Amino acid sequence: MFDELRPHLIELRKRLGISAGSLIVMFFVMFYFHEPILNWMVEPLNVALGEVGKISVHAADGMLTTNQVGGAFFVALKVSFFAAIVGSLPIILAQIWMFIAPGLYANEKKMLIPFIFGGTIMFLIGVLFSYYVVTPFGFNFLITFGSFKFTPMINIEEYVGFFTKIMFGFGIAFELPIFAYFLALLGMVDDRQMREFFRYAIVIIFIVAAFLTPPDVLTQFLMAGPLVILYGISILIVKMVNPAPPLEEEDESDEDVAVTVEKKSE
């Protein structure tokens, strides 16, 4: 058994090595540009902190702080790592596809470019949607709430970790139509299965939204709403790629199998 798995393990190690190498190279590139990337990341927070002073004449503007000796350095590392994952995403997706490609048919192997391009674009759309739609609402609500009594002092290390969690959550969530398409292409799922799973998907979506977003209902709905829409789009995509056979045909096939089994038993 181990001899059968060895070629797959060697191939997996190769793909993981290439992915890790690209991530390391991209990390050093992004570390050089970490300051403008960090400025981009904290812009929604700065806007929310600027609103604090407008709520009450007695309120002071909030500020970003760090409580570690090397806080700025570790923030730079986190920012660079986040940007490196996004920058190396096409290479990582290519390695995933090359790992599963040997088990595909010739026509399916040609989907490498659409998989890389589509996966990267949808991840970026998820990140941008989170940045320009979700985080402004969430930060404005959470930071300005109660600011007439308290001056917000946001720890930059915690903020960067919180920000990257939201960005990755939305980026991965927006991959749903891409993965649904390729699962349908491989015949692993059809539209009827996805429709039947819809009620459970709603529950899972809201649980994931509650885990990945700030603890307020507005931002949870801002994440859950697009995910429900994306699930509906995924059903339509799967229906075009791998539609479920009509129920009548399934009943007839089941009857044929039953008849065949009865004849063999006789």
# chains A, B, ... in the order shown; residues from 1 in each chain; ligands from 1
$ residues_around --residues "Val42 of chain A" --least-positions-apart "6" --cutoff "9 Å" --atoms "only C-alpha atoms" --output "ChimeraX atom specification"
/A:156,159-160,163
$ select_by_dssp --residues "segment 1-120 of chain A" --states "helix (DSSP H, G or I)" --output "PyMOL selection string"
chain A and resi 2-32+34-55+71-87+89-103+106-109+112-120
$ residues_around --residues "Phe82 of chain A" --least-positions-apart "2" --cutoff "10 Å" --atoms "only C-alpha atoms" --output "list in words"
Phe27, Met30, Ile37, Ala76, Leu77, Lys78, Val79, Ser80, Ala84, Ile85, Val86, Gly87, Val160, Gly161, Thr164, Lys165, Met167 and Phe168 of chain A
$ write_last_selection --atoms "N, CA and C atoms" --output "PDB file, in the first residue's frame"
ATOM      1  N   PHE A  27       7.273  36.879  -0.138  1.00  0.00           N
ATOM      2  CA  PHE A  27       7.328  37.520   1.173  1.00  0.00           C
ATOM      3  C   PHE A  27       8.401  38.605   1.211  1.00  0.00           C
ATOM      4  N   MET A  30       7.277  41.591  -0.843  1.00  0.00           N
ATOM      5  CA  MET A  30       6.247  42.374  -0.168  1.00  0.00           C
ATOM      6  C   MET A  30       6.779  43.081   1.075  1.00  0.00           C
ATOM      7  N   ILE A  37       1.490  48.980   1.912  1.00  0.00           N
ATOM      8  CA  ILE A  37       0.462  47.960   2.118  1.00  0.00           C
ATOM      9  C   ILE A  37      -0.219  48.171   3.466  1.00  0.00           C
ATOM     10  N   ALA A  76       4.977  44.429  10.478  1.00  0.00           N
ATOM     11  CA  ALA A  76       5.521  44.397   9.124  1.00  0.00           C
ATOM     12  C   ALA A  76       5.597  42.971   8.593  1.00  0.00           C
ATOM     13  N   LEU A  77       5.971  42.021   9.470  1.00  0.00           N
ATOM     14  CA  LEU A  77       6.030  40.616   9.063  1.00  0.00           C
ATOM     15  C   LEU A  77       4.636  40.087   8.711  1.00  0.00           C
ATOM     16  N   LYS A  78       3.646  40.408   9.546  1.00  0.00           N
ATOM     17  CA  LYS A  78       2.282  39.933   9.300  1.00  0.00           C
ATOM     18  C   LYS A  78       1.733  40.520   7.995  1.00  0.00           C
ATOM     19  N   VAL A  79       1.975  41.806   7.799  1.00  0.00           N
ATOM     20  CA  VAL A  79       1.493  42.464   6.583  1.00  0.00           C
ATOM     21  C   VAL A  79       2.148  41.850   5.345  1.00  0.00           C
ATOM     22  N   SER A  80       3.448  41.612   5.426  1.00  0.00           N
ATOM     23  CA  SER A  80       4.175  41.037   4.291  1.00  0.00           C
ATOM     24  C   SER A  80       3.702  39.623   3.993  1.00  0.00           C
ATOM     25  N   ALA A  84       2.011  38.371   0.654  1.00  0.00           N
ATOM     26  CA  ALA A  84       2.709  37.315  -0.066  1.00  0.00           C
ATOM     27  C   ALA A  84       1.751  36.195  -0.461  1.00  0.00           C
ATOM     28  N   ILE A  85       0.825  35.848   0.423  1.00  0.00           N
ATOM     29  CA  ILE A  85      -0.157  34.803   0.087  1.00  0.00           C
ATOM     30  C   ILE A  85      -1.024  35.244  -1.092  1.00  0.00           C
ATOM     31  N   VAL A  86      -1.466  36.493  -1.050  1.00  0.00           N
ATOM     32  CA  VAL A  86      -2.284  37.002  -2.153  1.00  0.00           C
ATOM     33  C   VAL A  86      -1.467  37.044  -3.438  1.00  0.00           C
ATOM     34  N   GLY A  87      -0.219  37.495  -3.348  1.00  0.00           N
ATOM     35  CA  GLY A  87       0.609  37.606  -4.542  1.00  0.00           C
ATOM     36  C   GLY A  87       0.994  36.268  -5.145  1.00  0.00           C
ATOM     37  N   VAL A 160      -4.263  44.161  12.782  1.00  0.00           N
ATOM     38  CA  VAL A 160      -3.762  43.497  11.572  1.00  0.00           C
ATOM     39  C   VAL A 160      -4.220  42.046  11.530  1.00  0.00           C
ATOM     40  N   GLY A 161      -4.163  41.348  12.673  1.00  0.00           N
ATOM     41  CA  GLY A 161      -4.643  39.972  12.705  1.00  0.00           C
ATOM     42  C   GLY A 161      -6.132  39.884  12.417  1.00  0.00           C
ATOM     43  N   THR A 164      -6.703  40.705   8.569  1.00  0.00           N
ATOM     44  CA  THR A 164      -6.342  39.623   7.654  1.00  0.00           C
ATOM     45  C   THR A 164      -7.322  38.461   7.756  1.00  0.00           C
ATOM     46  N   LYS A 165      -7.858  38.198   8.955  1.00  0.00           N
ATOM     47  CA  LYS A 165      -8.840  37.117   9.102  1.00  0.00           C
ATOM     48  C   LYS A 165     -10.089  37.407   8.277  1.00  0.00           C
ATOM     49  N   MET A 167     -10.280  39.449   5.631  1.00  0.00           N
ATOM     50  CA  MET A 167      -9.939  39.436   4.208  1.00  0.00           C
ATOM     51  C   MET A 167      -9.843  38.012   3.668  1.00  0.00           C
ATOM     52  N   PHE A 168      -9.151  37.143   4.408  1.00  0.00           N
ATOM     53  CA  PHE A 168      -9.022  35.759   3.965  1.00  0.00           C
ATOM     54  C   PHE A 168     -10.376  35.056   3.972  1.00  0.00           C
TER      55      PHE A 168
END
$ closest_atom_pairs --of "segment 113-162 of chain A" --to "segment 173-180 of chain A" --cutoff "12 Å" --atoms "only C-alpha atoms" --output "tab-separated table"
residue	atom	partner	partner_atom	distance
A:Pro114	CA	A:Ile178	CA	9.3
A:Phe115	CA	A:Ile178	CA	7.3
A:Ile116	CA	A:Ile178	CA	9.8
A:Phe117	CA	A:Ile178	CA	10.1
A:Gly118	CA	A:Ile178	CA	6.7
A:Gly119	CA	A:Glu175	CA	6.2
A:Thr120	CA	A:Glu175	CA	8.6
A:Ile121	CA	A:Glu175	CA	9.0
A:Met122	CA	A:Phe174	CA	5.6
A:Phe123	CA	A:Phe174	CA	5.9
A:Leu124	CA	A:Phe174	CA	8.6
A:Ile125	CA	A:Phe174	CA	7.3
A:Gly126	CA	A:Phe174	CA	5.3
A:Val127	CA	A:Phe174	CA	8.7
A:Leu128	CA	A:Phe174	CA	10.8
A:Phe129	CA	A:Phe174	CA	9.7
A:Ser130	CA	A:Phe174	CA	10.6
$ atom_distance --atom1 "atom CA of Val29 of chain A" --atom2 "atom CA of Tyr132 of chain A"
25.3 Å
$ closest_residue --among "A:Val189, A:Leu9, A:Ile92, A:Gly171" --to "Pro226 of chain A" --atoms "only C-alpha atoms"
A:Gly171
$ closest_residue --among "A:Trp97, A:Phe137, A:Phe182, A:Phe31" --to "Phe221 of chain A" --atoms "only C-alpha atoms"
A:Phe137
$ residues_around --residues "segment 193-203 of chain A" --least-positions-apart "5" --cutoff "9 Å" --atoms "only C-alpha atoms" --output "list in words"
Val208, Ala224, Leu227, Val228, Tyr231, Gly232, Ser234, Ile235, Val238 and Ala244 of chain A
